[in-house]
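**Q** upload38.cif is reproduced below (mmCIF, C-alpha atoms).
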```
data_entry
#
loop_
_atom_site.group_PDB
_atom_site.id
_atom_site.type_symbol
_atom_site.label_atom_id
_atom_site.label_comp_id
_atom_site.auth_asym_id
_atom_site.auth_seq_id
_atom_site.Cartn_x
_atom_site.Cartn_y
_atom_site.Cartn_z
ATOM 1 C CA MET A 1 0.000 0.000 0.000
ATOM 2 C CA CYS A 2 1.646 3.250 1.138
ATOM 3 C CA ARG A 3 5.389 3.475 0.846
ATOM 4 C CA GLY A 4 5.699 6.176 3.517
ATOM 5 C CA LEU A 5 7.752 9.332 3.248
ATOM 6 C CA ASP A 6 9.750 7.957 0.316
ATOM 7 C CA SER A 7 6.638 8.083 -1.866
ATOM 8 C CA LEU A 8 5.939 11.750 -1.099
ATOM 9 C CA PRO A 9 7.414 14.048 -3.728
ATOM 10 C CA ILE A 10 10.484 15.779 -2.340
ATOM 11 C CA THR A 11 9.011 19.116 -3.388
ATOM 12 C CA CYS A 12 6.000 18.495 -1.159
ATOM 13 C CA LEU A 13 8.186 17.547 1.813
ATOM 14 C CA GLU A 14 10.317 20.625 1.243
ATOM 15 C CA LYS A 15 7.180 22.750 0.917
ATOM 16 C CA ALA A 16 5.798 21.371 4.202
ATOM 17 C CA LYS A 17 9.068 22.213 5.983
ATOM 18 C CA GLU A 18 9.101 25.669 4.387
ATOM 19 C CA LEU A 19 5.519 26.290 5.409
ATOM 20 C CA LYS A 20 6.135 25.184 8.973
ATOM 21 C CA ALA A 21 9.098 27.555 9.236
ATOM 22 C CA LEU A 22 7.282 30.324 7.371
ATOM 23 C CA PHE A 23 4.128 30.043 9.462
ATOM 24 C CA GLY A 24 6.217 29.975 12.610
ATOM 25 C CA SER A 25 8.014 33.193 11.720
ATOM 26 C CA LEU A 26 4.937 34.843 10.239
ATOM 27 C CA LEU A 27 2.799 34.088 13.236
ATOM 28 C CA GLN A 28 5.262 35.931 15.450
ATOM 29 C CA LYS A 29 4.916 39.107 13.342
ATOM 30 C CA SER A 30 2.044 41.549 13.516
ATOM 31 C CA ASP A 31 1.841 41.843 9.709
ATOM 32 C CA HIS A 32 -0.657 39.196 8.608
ATOM 33 C CA SER A 33 0.465 38.530 5.050
ATOM 34 C CA ILE A 34 3.585 38.348 2.973
ATOM 35 C CA THR A 35 2.470 40.395 -0.016
ATOM 36 C CA GLY A 36 -0.697 42.258 0.633
ATOM 37 C CA THR A 37 -4.111 40.691 0.565
ATOM 38 C CA GLY A 38 -3.253 37.041 0.143
ATOM 39 C CA GLN A 39 -6.792 36.400 -1.079
ATOM 40 C CA SER A 40 -5.863 34.254 -4.062
ATOM 41 C CA LYS A 41 -7.933 31.039 -4.353
ATOM 42 C CA LYS A 42 -4.748 29.133 -5.209
ATOM 43 C CA CYS A 43 -2.369 29.674 -2.326
ATOM 44 C CA ASN A 44 1.288 30.016 -3.077
ATOM 45 C CA LYS A 45 4.464 31.138 -1.400
ATOM 46 C CA GLN A 46 4.124 34.707 -2.642
ATOM 47 C CA ARG A 47 0.553 35.117 -1.377
ATOM 48 C CA LEU A 48 0.713 33.138 1.832
ATOM 49 C CA ASN A 49 -1.653 34.605 4.398
ATOM 50 C CA ILE A 50 -1.431 34.114 8.134
ATOM 51 C CA ASN A 51 -5.172 33.320 8.204
ATOM 52 C CA GLU A 52 -4.750 30.523 5.674
ATOM 53 C CA PRO A 53 -4.886 27.689 8.262
ATOM 54 C CA LEU A 54 -8.208 29.055 9.545
ATOM 55 C CA LYS A 55 -9.695 28.819 6.040
ATOM 56 C CA TRP A 56 -8.743 25.141 5.838
ATOM 57 C CA LYS A 57 -11.204 24.435 8.638
ATOM 58 C CA GLU A 58 -14.114 25.901 6.627
ATOM 59 C CA SER A 59 -14.322 22.878 4.331
ATOM 60 C CA PHE A 60 -12.365 20.008 2.899
ATOM 61 C CA GLU A 61 -12.711 21.611 -0.540
ATOM 62 C CA GLU A 62 -11.087 24.791 0.810
ATOM 63 C CA LEU A 63 -8.135 22.773 2.115
ATOM 64 C CA LEU A 64 -7.666 20.964 -1.205
ATOM 65 C CA SER A 65 -8.002 24.165 -3.251
ATOM 66 C CA CYS A 66 -4.984 25.639 -1.498
ATOM 67 C CA GLN A 67 -1.555 24.372 -2.531
ATOM 68 C CA ASN A 68 -0.112 24.959 0.946
ATOM 69 C CA GLY A 69 -2.996 23.180 2.630
ATOM 70 C CA LEU A 70 -2.831 20.326 0.135
ATOM 71 C CA CYS A 71 0.893 19.791 0.762
ATOM 72 C CA LEU A 72 0.433 19.797 4.528
ATOM 73 C CA PHE A 73 -2.579 17.484 4.309
ATOM 74 C CA ARG A 74 -0.604 15.138 2.088
ATOM 75 C CA ALA A 75 2.285 15.109 4.566
ATOM 76 C CA PHE A 76 -0.253 14.362 7.309
ATOM 77 C CA LEU A 77 -1.605 11.420 5.292
ATOM 78 C CA VAL A 78 1.920 10.083 4.875
ATOM 79 C CA SER A 79 2.280 10.142 8.654
ATOM 80 C CA GLU A 80 -0.944 8.109 8.864
ATOM 81 C CA PHE A 81 0.110 5.670 6.129
ATOM 82 C CA SER A 82 -2.806 6.650 3.872
ATOM 83 C CA GLU A 83 -1.152 8.924 1.319
ATOM 84 C CA GLU A 84 -2.439 6.709 -1.491
ATOM 85 C CA ASN A 85 -5.877 8.320 -1.072
ATOM 86 C CA ILE A 86 -4.775 11.843 -1.950
ATOM 87 C CA ALA A 87 -2.419 10.481 -4.624
ATOM 88 C CA PHE A 88 -5.354 8.677 -6.257
ATOM 89 C CA TYR A 89 -7.604 11.732 -5.961
ATOM 90 C CA LEU A 90 -4.976 13.960 -7.609
ATOM 91 C CA ALA A 91 -4.242 11.363 -10.306
ATOM 92 C CA CYS A 92 -7.964 11.399 -11.163
ATOM 93 C CA GLU A 93 -7.943 15.198 -11.355
ATOM 94 C CA ASP A 94 -4.968 15.048 -13.706
ATOM 95 C CA TYR A 95 -6.641 12.287 -15.724
ATOM 96 C CA ARG A 96 -9.825 14.320 -16.175
ATOM 97 C CA ALA A 97 -7.775 17.137 -17.719
ATOM 98 C CA ALA A 98 -5.848 14.843 -20.093
ATOM 99 C CA LYS A 99 -6.152 14.926 -23.866
ATOM 100 C CA PRO A 100 -8.506 12.248 -25.247
ATOM 101 C CA SER A 101 -5.593 10.562 -27.023
ATOM 102 C CA LYS A 102 -3.853 9.984 -23.663
ATOM 103 C CA LEU A 103 -6.877 8.680 -21.717
ATOM 104 C CA ALA A 104 -6.423 4.952 -22.327
ATOM 105 C CA THR A 105 -2.770 4.960 -21.273
ATOM 106 C CA LYS A 106 -3.378 7.108 -18.206
ATOM 107 C CA ALA A 107 -6.472 5.115 -17.205
ATOM 108 C CA LYS A 108 -4.532 1.859 -17.313
ATOM 109 C CA LYS A 109 -1.713 3.323 -15.222
ATOM 110 C CA ILE A 110 -4.112 4.694 -12.573
ATOM 111 C CA TYR A 111 -6.087 1.459 -12.453
ATOM 112 C CA GLU A 112 -2.974 -0.682 -12.057
ATOM 113 C CA GLU A 113 -1.452 1.562 -9.404
ATOM 114 C CA PHE A 114 -4.531 2.178 -7.239
ATOM 115 C CA ILE A 115 -7.382 -0.254 -7.991
ATOM 116 C CA GLY A 116 -6.239 -3.474 -9.679
ATOM 117 C CA LEU A 117 -5.661 -6.792 -7.918
ATOM 118 C CA ASP A 118 -1.931 -6.264 -7.420
ATOM 119 C CA ALA A 119 -2.084 -2.469 -7.019
ATOM 120 C CA LYS A 120 1.015 -1.119 -5.299
ATOM 121 C CA ARG A 121 -0.932 1.713 -3.664
ATOM 122 C CA GLU A 122 -4.392 0.208 -3.441
ATOM 123 C CA VAL A 123 -7.173 2.527 -2.269
ATOM 124 C CA ASN A 124 -10.029 1.290 -0.120
ATOM 125 C CA LEU A 125 -12.959 0.819 -2.510
ATOM 126 C CA ASP A 126 -15.932 -1.510 -2.246
ATOM 127 C CA HIS A 127 -16.386 -4.355 -4.727
ATOM 128 C CA VAL A 128 -19.227 -2.642 -6.632
ATOM 129 C CA THR A 129 -17.176 0.529 -7.199
ATOM 130 C CA LYS A 130 -14.188 -1.519 -8.354
ATOM 131 C CA SER A 131 -16.414 -3.461 -10.781
ATOM 132 C CA ILE A 132 -17.964 -0.328 -12.235
ATOM 133 C CA THR A 133 -14.543 1.259 -12.627
ATOM 134 C CA LYS A 134 -13.214 -1.868 -14.319
ATOM 135 C CA GLU A 135 -16.147 -1.760 -16.774
ATOM 136 C CA ASN A 136 -15.426 1.925 -17.436
ATOM 137 C CA MET A 137 -11.883 0.936 -18.393
ATOM 138 C CA GLU A 138 -13.215 -0.783 -21.526
ATOM 139 C CA HIS A 139 -14.010 2.641 -23.035
ATOM 140 C CA PRO A 140 -12.022 5.237 -21.078
ATOM 141 C CA SER A 141 -13.561 8.692 -20.889
ATOM 142 C CA GLN A 142 -12.912 11.715 -18.666
ATOM 143 C CA SER A 143 -15.531 10.347 -16.229
ATOM 144 C CA CYS A 144 -14.031 6.846 -16.025
ATOM 145 C CA PHE A 145 -12.920 7.255 -12.393
ATOM 146 C CA ASP A 146 -15.636 9.626 -11.153
ATOM 147 C CA LEU A 147 -17.360 7.123 -8.869
ATOM 148 C CA ALA A 148 -14.123 5.816 -7.372
ATOM 149 C CA GLN A 149 -12.746 9.332 -6.927
ATOM 150 C CA SER A 150 -15.970 10.420 -5.251
ATOM 151 C CA LYS A 151 -15.767 7.491 -2.804
ATOM 152 C CA ILE A 152 -12.158 8.305 -1.890
ATOM 153 C CA PHE A 153 -12.990 12.003 -1.543
ATOM 154 C CA SER A 154 -15.805 11.113 0.880
ATOM 155 C CA LEU A 155 -13.520 8.791 2.803
ATOM 156 C CA MET A 156 -10.904 11.511 3.247
ATOM 157 C CA GLU A 157 -13.509 14.164 4.044
ATOM 158 C CA LYS A 158 -15.213 12.067 6.730
ATOM 159 C CA ASP A 159 -12.158 10.320 8.161
ATOM 160 C CA SER A 160 -8.747 11.885 7.475
ATOM 161 C CA TYR A 161 -9.775 15.541 7.275
ATOM 162 C CA PRO A 162 -11.295 15.672 10.804
ATOM 163 C CA ARG A 163 -8.152 13.990 12.178
ATOM 164 C CA PHE A 164 -5.988 16.522 10.323
ATOM 165 C CA LEU A 165 -7.959 19.355 11.946
ATOM 166 C CA LYS A 166 -7.302 17.756 15.362
ATOM 167 C CA SER A 167 -3.618 17.137 14.702
ATOM 168 C CA PRO A 168 -1.149 18.959 16.956
ATOM 169 C CA PHE A 169 0.485 20.720 14.004
ATOM 170 C CA TYR A 170 -2.783 22.094 12.615
ATOM 171 C CA LEU A 171 -4.057 23.079 16.074
ATOM 172 C CA GLU A 172 -0.844 24.993 16.727
ATOM 173 C CA LEU A 173 -1.046 26.776 13.375
ATOM 174 C CA SER A 174 -4.679 27.751 13.871
ATOM 175 C CA ARG A 175 -4.046 28.858 17.472
ATOM 176 C CA LYS A 176 -1.225 31.104 16.340
ATOM 177 C CA SER A 177 -3.332 32.406 13.447
ATOM 178 C CA LYS A 178 -6.125 33.366 15.829
ATOM 179 C CA SER A 179 -3.781 35.125 18.220
ATOM 180 C CA GLY A 180 -2.100 36.894 15.279
#
```
What does the file become when written as structure tokens?
**A**
Amino acid sequence: MCRGLDSLPITCLEKAKELKALFGSLLQKSDHSITGTGQSKKCNKQRLNINEPLKWKESFEELLSCQNGLCLFRAFLVSEFSEENIAFYLACEDYRAAKPSKLATKAKKIYEEFIGLDAKREVNLDHVTKSITKENMEHPSQSCFDLAQSKIFSLMEKDSYPRFLKSPFYLELSRKSKSG
């Protein structure tokens, strides 16, 4: 299943370390953003806002829509040995945006890595969802993995996301954000 920290892209690990250091230093300052408003939907290093961790608590979608939140959530999942869930979710997002000529190849790769019998990073899907997804593989389309992706999204939203919000690291970030 999950290969631990080795499977997390080095850029994400570096980003998580950067963010931890950046939040730590930012939260000690009275200025609440790096470059002005920091209201961009896609969070990035240049527009990092001290209130960003508080927004992540609003919804799971808000957390995933923010690059900084996504990297920290992914690092959290690695610590819980369930990083394959977010990896699958993101692979499906990438797949949906692929050119039609690339769908069959990408679909096969995703299926073999996350769903198939000998999947290296198997996600937790029920038999019916796996069967439907396997049938969809016969004629790959952008919606081939929609049901499976939806199930994994729900799993993360109901299970991993609440634990992330209760994690010591997140609680410390949000506490410091509130105290400004």
**Q** Have a look at CA of Phe145 (chain A) and CA of Arg96 (chain A) and let me know their distance in Å, one decimal.
**A**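 We find that CA of Phe145 (chain A) and CA of Arg96 (chain A) lie 8.6 Å from each other.
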**Q** Contacts of region 88-95 of chain A at 8 Å or less, counting all atoms listed in the file, minus same-chain residues fewer than 6 places along, as a ChimeraX atom specification?
**A** /A:103,106-107,110,114,123,142,145-146,149,152-153
**Q** Just how far from CA of Met156 (chain A) is CA of Phe81 (chain A), in Å to one decimal?
**A**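 Separation of CA of Phe81 (chain A) and CA of Met156 (chain A): 12.8 Å.
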**Q** I'd like to see the residues matched by the PyMOL selection byres ((chain A and resi 115) around 12) on this file, and ideally I'd get them as a VMD selection string.
**A** chain A and resid 1 84 to 85 88 107 to 114 116 to 127 129 to 134 137 145 148 to 149 152
**Q** Give as a list of chain:residue names each residue that has an atom at most 12 Å from (-5.4, 24.8, 15.6) in the file, counting all atoms listed in the file.
**A**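 In the file's frame, the residues around the point are A:Asn51, A:Glu52, A:Pro53, A:Leu54, A:Lys55, A:Trp56, A:Lys57, A:Pro162, A:Arg163, A:Phe164, A:Leu165, A:Lys166, A:Ser167, A:Pro168, A:Phe169, A:Tyr170, A:Leu171, A:Glu172, A:Leu173, A:Ser174, A:Arg175, A:Lys176, A:Ser177, A:Lys178, A:Ser179.
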**Q** Give the answer as one residue: which of A:Glu62, A:Ser82, A:Pro140, A:Leu70 has the shortest atom-to-atom distance to Ala104 (chain A), using all atoms listed in the file?
**A**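 Closest candidate: A:Pro140.
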**Q** Could you state the separation of CA of Lys99 (chain A) and CA of Ser150 (chain A) in Å, given to one decimal place?
**A**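 Straight-line distance from CA of Lys99 (chain A) to CA of Ser150 (chain A) works out to 21.5 Å.
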**Q** In terms of the shortest atom-to-atom distance over only C-alpha atoms, which of A:Leu155, A:Cys71, A:Ala98, A:Val128 is closest to Ser141 (chain A)?
**A**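 Among the listed residues, the smallest separation from Ser141 (chain A) belongs to A:Ala98.
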**Q** Taking all atoms of region 58-69 of chain A that the file lists and extending 5 Å past them on each side, where is the centre of the axis-aligned box and how long are its edges? Answer in Å to one decimal, as JSON.
**A**
```
{"center_x": -7.2, "center_y": 23.0, "center_z": 1.7, "size_x": 24.2, "size_y": 15.9, "size_z": 19.9}
```
**Q** So, counting all atoms listed in the file, which residue among A:Ile50, A:Asn136, A:Ser160, A:Ser154 is closest to Phe76 (chain A)?
**A**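 Using all atoms listed in the file, the shortest distance to Phe76 (chain A) belongs to A:Ser160.
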